[in-house]
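Data block below; observations after.
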Amino acid sequence: MKVSLSWLKEYIDVDINVNDLADALTMAGLEVEAISDRYDYLNSVVIGRLAKIDPHPNADKLKLCRVDIGDRTITVVCGAPNVKNDMLAPCAMPGTCFPKGTILEKSIILGVASEGMLCSEIELGLSANSDGIMELGRNYSVGSPLNKAIGLSDPVFEIDLTPNRPDCLSIIGTAREIAALQKKKVTYPEICLPESFDDISDLTSITIMAPELCPRYAASLVFDITVGPSPFWLQDRLISVGLKPINNIVDITNFVMMETGQPLHAFDFDRLAENRIVVRTAREGEAFITIDGKERRLDPEMLLICDGEKPIALAGVMGGLNSEIESSTTKILLESAYFDPVCIRKTSKKTGLITDASHRFERGVDPKGTITALNRATQLIAEIGGGKLIKGTIDEYPNPFPDRVIDFSVTELNRRLGTCLDINDIENHLKSIEFKVDKTGNDRLQVIPPSCRVDITRFEDVTEEVARLFGYNNIKTTFPLIPAEARHPSKKIESRDRIKCLMTGLGFNEAINYSFISKLSCNRLNLEPDDKKRQVVEVLNPLSEDQSVMRTSLIPGLLETMKYNISVQNRNLKLFEIGNVFFNTGQKDSLPDEVEMLAGLWTGKRVDAVWFSKEINCDFYDIKGAVEELLGNLGIVNTDFNRMPTASCFYTKPGFTAQVIIKDEPIGLVGELHPKVLNNYDLKQTAFIFELNFDRLISYMPDTDTKSVSPIPKFPATSRDITLIVNKDIEANKILQSVIDLNEELVENLHLFDVFEGDPIPAGRKSISFRITYRSSSETLEDNRVNNLHKSISDRLLKKVDATLPTV
């Protein structure tokens with residue numbers, strides 16, 4: 001919304017600085033985004049003195065003027081009849097942008113270079129006078145910018161209004177706010193209708209067939225008008241707020257709209273069939289050509305203004321081509337109405353038509369201001385258009401809007417705002433913006449907001465008005481009374497943060513993906529038809545096909561992230577993500593089951609390339625080690641990694657997948673991605689993943705982070721190696737666990753250092769070698785004792801795991 005200061009001053013005496021006014025309006029809720037001076041273009045128009053005038057060598061009607069502009073003298077070709085020696089006149093320099101958008105450039109006129117332009121008042125947008133160049137008095141300094149020399153300034157405020165303040169979509173509405181800030185009264189324009197003839201009810205009628213969409217419709221008639229250009233003052237007012245003058249009738253409707261906030265529309269009365277107005281909804285698929293010449297297809301939610309036969313306007317949005325004001329128009333019907341804001345909003349959106357009228361109607365205009373605006377425009381049309389006013393107005397208003405009465409307690413208002421305003425202060429604040437205020441008790445007020453304030457409907461709205469008028473800066477800052485002790489964060493939040501910290505320490509980067517994935521993700525993961533992960537929740541209005549269902553696994557998101565990174569040549573990735581997955585319960589209108597999961601992905605090289613070592617690809621044991629390190633740092637004990645059965649490996653590679661088990665409960669898996677899954681995601685690089693149930697995981701985390709210590713051993717350790725030939729399906733971890741289960745006091749550590757299959761090992765069997773470290777805390781162990789214990793452990797293992805010793 002643009003508001004010029006000169007127009008504002010017609011209704012309110014503004015006596016504060018422009019910048020201070022902008023700040024005050026902003027703090028009152030009318031944010032001033034920018035301030036510009038509409039005469040800034042005159043900075044490049046200087047006062048010039050005509051030092052010498054010679055005839056043009058190639059044209060009788062042109063003259064060559066030598067113009068002194070202060071720092072130099074230039075040649076200007078001019079054809080004005082009133083140029084004379086020693087005359088002071090405005091001289092526009094190259095680059096000047098005139099009000100109509102023309103930019104002045106250096107030019108050659110009939111063979112002579114012209115370095116500027118001597119201007120008339122109409123060319124500068126200062127008046128309608130076009131009789132020669134503008135002659136200035138002798139008291140101006142040559143070379144001074146014109147706007148500064150003659151004190152020409154008109155600041156224009158660009159105000160960003162919130163949708164709840166349609167009352168300020170007008171000059172008077174803004175003036176009303178300034179009046180409250182300055183504690184003054186608004187001077188409203190006087191409306192005095194000229195003498196009228198005949199009776200409007202004998203000439204036209206109005207029928208409202210959709211009163212719920214058009215609660216009020218008023219009209220007046222003016223005959224014998226003359227359509228033509230508007231007077232300069234009217235054009236200047238419209239230009240000052242960014243509107244383009246068209247003709248006197250249309251300009252008046254726009255002027256009154258900008259002045260009062262009430263959109264108006266003028267119809268050519270002679271082009272109305274049966275000379276009457278019918279307000280109805282459109283028929284399905286009904287065609288209508290708007291004033292911009294485009295055909296619109298309508299639906300029953302749209303409101304039409306019709307004559308006795310056909311549509312003539314799209315209500316509240318745009319008029320029709322078949323009833324627009326033309327140069328030959330002599331009779332007009334002037335419309336002023338209140339339309340349902342929701343209806344106008346829908347119509348504007350569906351048709352793609354956003355006009356000044358729809359912008360106001362869809363936010364809500366003053367339902368009681370229709371007649372005031374109608375009379376104001378009627379008066380101006382009769383005066384400027386030279387028309388004859390038809391007596392009376394037609395005002396169809398079947399269900400008048402009732403006053404909104406709001407009763408409230410002053411104590412409650414002060415409690416909400418944190419203020420100590422007395423009842424008189426609040427009364428004065430509200431009266432300053434034209435509220436009707438009555439005291440109904442020592443502590444109670446009853447207010448009726450003006451009809452233009454369609455946003456004031458309840459006590460909270462009144463509270464906001466008092467706050468902004470009192471001044472937000474005047475409300476003291478207070479802090480809530482909160483006890484100093486803080487509640488300990490929940491175990492889930494604390495654990496989540498701790499896991500993120502640990503994963504980052506392990507070299508992983510956190511990924512945050514959308515909770516929506518493609519419906520094809522389950523197929524891409526090779527899931528079985530009855531897999532729980534296929535119980536997806538479908539999104540009713542998805543952003544795209546790739547985000548059509550809620551995720552049941554974090555793996556698809558990580559794979560998409562991997563795909564994107566590889567596409568930008570980032571091939572070494574260590575990613576993790578913590579987030580919810582969602583499972584459809586199958587019950588109508590029920591929320592999905594949500595489970596929080598932790599997942600990770602490792603692909604590419606084990607470490608980035610360095611000069612002192614070779615690049616090595618990451619493998620299963622790298623990501624398994626990362627999971628082991630994570631669980632160990634979380635204080636979780638009794639963790640096992642067991643081979644995942646082939647039948648359960650859907651998106652991981654059989655034989656390269658382990659099930660993560662804590663105290664005999666499966667909580668997830670770790671393994672290499674299945675080649676088919678990689679192919680489904682168009683990935684050509686091996687990747688390793690882990691997926692853990694976060695909710696189950698944290699249940700095994702100890703509540704207190706206790707650390708145990710032991711003294712540094714005083715006596716040396718000794719070690720013995722053992723190699724067993726076992727069935728190839730036996731997991732090495734089970735053999736190591738068997739040694740631990742023997743509970744031998746002198747066994748300090750176990751270390752697996754070799755696994756081998758192939759010749760000379762028999763088919764179906766493998767060789768496993770591990771090292772046992774022995775140490776005593778009280779003495780140095782002798783070889784015989786260690787050898788006997790080692791043989792005893794070996795013999796028991798041979799029986800327990802059905803193993804043999806190597807023969808070579």
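Within each chain, counting starts at residue 1; across the structure tokens, chains are named A, B, ... in the order shown, with ligands numbered 1 upward in that order.
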
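Neighbours of A:Val454 closer than or equal to 8 Å, with only C-alpha atoms counted and sequence neighbours fewer than 3 positions away skipped, come out as A:Asn164, A:Pro166, A:Asp167, A:Gly364, A:Val365, A:Asp366, A:Ser451, A:Thr457.
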
Selected residues written out, N, CA and C atoms, as a PDB file, in the first residue's frame:
ATOM      1  N   ASN A 164      -5.099  -8.721   8.366  1.00  0.00           N
ATOM      2  CA  ASN A 164      -6.202  -8.362   9.269  1.00  0.00           C
ATOM      3  C   ASN A 164      -6.436  -6.849   9.346  1.00  0.00           C
ATOM      4  N   PRO A 166      -7.483  -4.493   6.747  1.00  0.00           N
ATOM      5  CA  PRO A 166      -7.972  -3.909   5.487  1.00  0.00           C
ATOM      6  C   PRO A 166      -8.437  -2.466   5.653  1.00  0.00           C
ATOM      7  N   ASP A 167      -8.688  -2.037   6.887  1.00  0.00           N
ATOM      8  CA  ASP A 167      -9.121  -0.654   7.107  1.00  0.00           C
ATOM      9  C   ASP A 167      -8.036   0.342   6.717  1.00  0.00           C
ATOM     10  N   GLY A 364     -11.989  -7.870   3.520  1.00  0.00           N
ATOM     11  CA  GLY A 364     -13.155  -7.337   4.223  1.00  0.00           C
ATOM     12  C   GLY A 364     -13.203  -5.828   4.211  1.00  0.00           C
ATOM     13  N   VAL A 365     -14.197  -5.260   3.519  1.00  0.00           N
ATOM     14  CA  VAL A 365     -14.367  -3.805   3.510  1.00  0.00           C
ATOM     15  C   VAL A 365     -15.388  -3.418   4.561  1.00  0.00           C
ATOM     16  N   ASP A 366     -15.545  -2.130   4.764  1.00  0.00           N
ATOM     17  CA  ASP A 366     -16.491  -1.604   5.752  1.00  0.00           C
ATOM     18  C   ASP A 366     -17.916  -1.835   5.247  1.00  0.00           C
ATOM     19  N   SER A 451     -17.272   0.092  12.226  1.00  0.00           N
ATOM     20  CA  SER A 451     -17.582  -0.960  11.260  1.00  0.00           C
ATOM     21  C   SER A 451     -16.427  -1.238  10.309  1.00  0.00           C
ATOM     22  N   THR A 457     -13.198  -8.532  16.937  1.00  0.00           N
ATOM     23  CA  THR A 457     -14.391  -9.337  17.244  1.00  0.00           C
ATOM     24  C   THR A 457     -14.426  -9.843  18.676  1.00  0.00           C
TER      25      THR A 457
END

For this session: Write out as a list in words which residues come within 6 Å of stretch 636-646 of chain A when counting only C-alpha atoms, dropping same-chain ones fewer than 3 positions away.
Result: Leu631, Gly632, Cys649, Pro654, Thr657, Ala658, Gln659, Val660, Ile661, Ile662, Lys663 and Met701 of chain A

Could the residues in this selection be written to a file with C-alpha atoms, as an mmCIF file, in the first residue's frame?
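Okay, this is what ended up in part_4.cif:
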data_model
loop_
_atom_site.group_PDB
_atom_site.id
_atom_site.type_symbol
_atom_site.label_atom_id
_atom_site.label_comp_id
_atom_site.auth_asym_id
_atom_site.auth_seq_id
_atom_site.Cartn_x
_atom_site.Cartn_y
_atom_site.Cartn_z
ATOM 1 C CA LEU A 631 27.699 -50.266 22.068
ATOM 2 C CA GLY A 632 30.804 -50.521 24.227
ATOM 3 C CA CYS A 649 18.593 -61.451 4.281
ATOM 4 C CA PRO A 654 23.689 -63.554 2.743
ATOM 5 C CA THR A 657 25.113 -60.105 7.495
ATOM 6 C CA ALA A 658 25.036 -60.399 11.277
ATOM 7 C CA GLN A 659 22.144 -60.064 13.640
ATOM 8 C CA VAL A 660 22.891 -57.797 16.613
ATOM 9 C CA ILE A 661 21.689 -59.429 19.837
ATOM 10 C CA ILE A 662 21.756 -58.004 23.346
ATOM 11 C CA LYS A 663 20.930 -60.406 26.158
ATOM 12 C CA MET A 701 21.959 -48.576 28.539
#

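The spacing separating atom CA of A:Pro55 from atom CA of A:Met87 amounts to 16.7 Å.
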
For this session: Tell me which protein, DNA and RNA residues are within 9 Å of A:Ile74, counting only C-alpha atoms, leaving out same-chain ones fewer than 3 positions away, and put them as JSON, numbers by chain.
Result: {"A": [65, 66, 67, 68, 69, 114, 115, 116]}

Restricting the output to N, CA, C and O atoms, write the selected residues as a compact mmCIF listing (two decimals), in the first residue's frame.
# COMPACT_ATOMS: atom_id res chain seq x y z
N CYS A 65 19.47 27.01 -28.18
CA CYS A 65 19.60 27.77 -26.93
C CYS A 65 20.90 27.37 -26.24
O CYS A 65 21.15 26.17 -26.00
N ARG A 66 21.71 28.37 -25.92
CA ARG A 66 22.91 28.15 -25.11
C ARG A 66 22.48 28.34 -23.66
O ARG A 66 22.10 29.43 -23.23
N VAL A 67 22.49 27.22 -22.89
CA VAL A 67 21.92 27.23 -21.53
C VAL A 67 23.04 27.11 -20.51
O VAL A 67 23.83 26.14 -20.53
N ASP A 68 23.12 28.10 -19.64
CA ASP A 68 24.08 28.09 -18.55
C ASP A 68 23.50 27.24 -17.40
O ASP A 68 22.45 27.57 -16.85
N ILE A 69 24.17 26.12 -17.05
CA ILE A 69 23.67 25.27 -15.97
C ILE A 69 24.59 25.30 -14.76
O ILE A 69 24.63 24.38 -13.95
N SER A 114 21.78 18.00 -29.23
CA SER A 114 21.05 18.62 -28.10
C SER A 114 21.46 17.90 -26.83
O SER A 114 21.28 16.68 -26.71
N GLU A 115 22.02 18.65 -25.86
CA GLU A 115 22.59 18.04 -24.65
C GLU A 115 21.64 18.06 -23.47
O GLU A 115 22.03 17.73 -22.35
N GLY A 116 20.41 18.44 -23.69
CA GLY A 116 19.44 18.48 -22.60
C GLY A 116 18.06 18.80 -23.14
O GLY A 116 17.81 18.71 -24.35

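Of the listed residues (A:Thr162, A:Ala59, A:Ile178, A:Val279), A:Ile178 comes nearest to A:Ser432; the distances count only C-alpha atoms.
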
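Here the question is which of A:Leu789, A:Asn17, A:Glu259, A:Thr419 gets nearest to A:Pro189 using only C-alpha atoms, and that residue is A:Glu259.
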
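Close contacts of A:Ser792, defined as residues with an atom at most 12 Å away when counting only C-alpha atoms, with chain neighbours fewer than 6 positions off set aside, comprise A:Ile722, A:Val739, A:Leu742, A:Glu744, A:Arg785, A:Val786, A:Leu798, A:Lys799.
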
Wanna dump the stretch 173-231 of chain A-stretch 324-332 of chain A contacts at 9 Å for me, each residue with its shortest atom pair and the distance in Å to one decimal, counting only C-alpha atoms, ordered by chain and number, as a tab-separated table?
residue	atom	partner	partner_atom	distance
A:Ser220	CA	A:Ile332	CA	8.4
A:Leu221	CA	A:Ile332	CA	5.9
A:Val222	CA	A:Ile332	CA	5.6
A:Phe223	CA	A:Lys331	CA	4.3
A:Asp224	CA	A:Thr330	CA	4.9
A:Ile225	CA	A:Thr330	CA	4.8
A:Thr226	CA	A:Thr330	CA	6.2
A:Val227	CA	A:Ser327	CA	5.4
A:Gly228	CA	A:Ser327	CA	6.9

May I have the residues from that selection written out with C-alpha atoms, as a PDB file, in the first residue's frame?
ATOM      1  CA  SER A 220     -26.700   5.474  -7.983  1.00  0.00           C
ATOM      2  CA  LEU A 221     -27.314   6.944 -11.442  1.00  0.00           C
ATOM      3  CA  VAL A 222     -25.696   9.919 -13.150  1.00  0.00           C
ATOM      4  CA  PHE A 223     -26.859  10.951 -16.643  1.00  0.00           C
ATOM      5  CA  ASP A 224     -25.528  13.336 -19.281  1.00  0.00           C
ATOM      6  CA  ILE A 225     -21.889  12.903 -18.308  1.00  0.00           C
ATOM      7  CA  THR A 226     -18.910  13.623 -20.540  1.00  0.00           C
ATOM      8  CA  VAL A 227     -16.104  11.049 -20.522  1.00  0.00           C
ATOM      9  CA  GLY A 228     -12.677  12.594 -20.919  1.00  0.00           C
TER      10      GLY A 228
END

Exercise. Neighbours of stretch 435-441 of chain A within 12 Å (only C-alpha atoms; same-chain residues fewer than 4 positions away dropped), as an MDAnalysis selection string?
Worked result: chainID A and resid 176 180 403:411 423:431 445:453 456 462 465:466

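With only C-alpha atoms as the atoms that count, the residue of A:Tyr700, A:Phe479, A:Phe508, A:Trp7 with the shortest distance to A:Ala175 is A:Trp7.
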
Problem set entry | 9 Å contact set for A:Arg496, only C-alpha atoms, chain neighbours under 3 positions out, as a ChimeraX atom specification | /A:491-493,499-501,578,694,698

Export, as a tab-separated table (two decimals), in the first residue's frame, the selected residues with all heavy atoms.
chain	number	residue	atom	x	y	z
A	491	LYS	N	15.69	-39.71	29.52
A	491	LYS	CA	16.75	-40.64	29.13
A	491	LYS	C	16.82	-40.74	27.61
A	491	LYS	O	17.92	-40.85	27.04
A	491	LYS	CB	16.49	-42.01	29.74
A	491	LYS	CG	17.59	-43.01	29.42
A	491	LYS	CD	17.34	-44.36	30.05
A	491	LYS	CE	18.45	-45.35	29.71
A	491	LYS	NZ	18.23	-46.68	30.31
A	492	LYS	N	15.67	-40.66	26.95
A	492	LYS	CA	15.65	-40.80	25.50
A	492	LYS	C	16.38	-39.64	24.83
A	492	LYS	O	17.20	-39.83	23.92
A	492	LYS	CB	14.21	-40.87	25.00
A	492	LYS	CG	14.07	-41.34	23.58
A	492	LYS	CD	12.61	-41.65	23.25
A	492	LYS	CE	12.51	-42.35	21.90
A	492	LYS	NZ	11.13	-42.74	21.55
A	493	ILE	N	16.11	-38.42	25.28
A	493	ILE	CA	16.77	-37.24	24.69
A	493	ILE	C	18.27	-37.28	24.98
A	493	ILE	O	19.10	-37.02	24.10
A	493	ILE	CB	16.14	-35.96	25.24
A	493	ILE	CG1	14.68	-35.83	24.78
A	493	ILE	CG2	16.93	-34.72	24.81
A	493	ILE	CD1	13.93	-34.67	25.38
A	499	ILE	N	24.48	-40.63	21.58
A	499	ILE	CA	24.78	-41.48	20.41
A	499	ILE	C	25.26	-40.63	19.24
A	499	ILE	O	26.20	-40.99	18.53
A	499	ILE	CB	23.53	-42.30	20.03
A	499	ILE	CG1	23.30	-43.40	21.07
A	499	ILE	CG2	23.67	-42.90	18.63
A	499	ILE	CD1	22.01	-44.17	20.90
A	500	LYS	N	24.64	-39.47	19.05
A	500	LYS	CA	25.08	-38.58	17.98
A	500	LYS	C	26.53	-38.15	18.19
A	500	LYS	O	27.33	-38.11	17.24
A	500	LYS	CB	24.18	-37.35	17.91
A	500	LYS	CG	22.79	-37.62	17.35
A	500	LYS	CD	21.96	-36.34	17.29
A	500	LYS	CE	20.57	-36.61	16.72
A	500	LYS	NZ	19.77	-35.37	16.63
A	501	CYS	N	26.87	-37.87	19.43
A	501	CYS	CA	28.24	-37.45	19.74
A	501	CYS	C	29.23	-38.59	19.48
A	501	CYS	O	30.30	-38.39	18.89
A	501	CYS	CB	28.31	-37.00	21.20
A	501	CYS	SG	29.93	-36.37	21.71
A	578	ILE	N	19.24	-40.86	12.92
A	578	ILE	CA	18.30	-41.27	13.97
A	578	ILE	C	16.95	-40.66	13.63
A	578	ILE	O	16.85	-39.45	13.41
A	578	ILE	CB	18.76	-40.81	15.36
A	578	ILE	CG1	20.14	-41.39	15.71
A	578	ILE	CG2	17.74	-41.21	16.43
A	578	ILE	CD1	20.68	-40.92	17.04
A	694	PHE	N	16.34	-48.13	18.10
A	694	PHE	CA	16.81	-47.18	19.11
A	694	PHE	C	16.04	-47.33	20.41
A	694	PHE	O	16.61	-47.25	21.50
A	694	PHE	CB	16.67	-45.76	18.56
A	694	PHE	CG	17.06	-44.68	19.52
A	694	PHE	CD1	18.38	-44.33	19.70
A	694	PHE	CD2	16.10	-44.00	20.28
A	694	PHE	CE1	18.75	-43.34	20.60
A	694	PHE	CE2	16.46	-43.02	21.16
A	694	PHE	CZ	17.79	-42.68	21.33
A	698	ILE	N	18.21	-48.24	23.96
A	698	ILE	CA	18.41	-47.41	25.16
A	698	ILE	C	17.93	-48.10	26.43
A	698	ILE	O	18.33	-47.74	27.53
A	698	ILE	CB	17.72	-46.03	25.01
A	698	ILE	CG1	16.21	-46.18	24.87
A	698	ILE	CG2	18.29	-45.26	23.85
A	698	ILE	CD1	15.48	-44.84	24.88

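Using only C-alpha atoms, the contacts of A:Pro99 at a cut-off of 10 Å, with sequence neighbours closer than 2 positions omitted, comprise Arg38, Tyr39, Tyr41, Leu42, Thr96, Cys97, Gly101, Thr102, Ile103, Ile122, Glu123, Leu124, Gly125, Leu126 and Ile239 of chain A.
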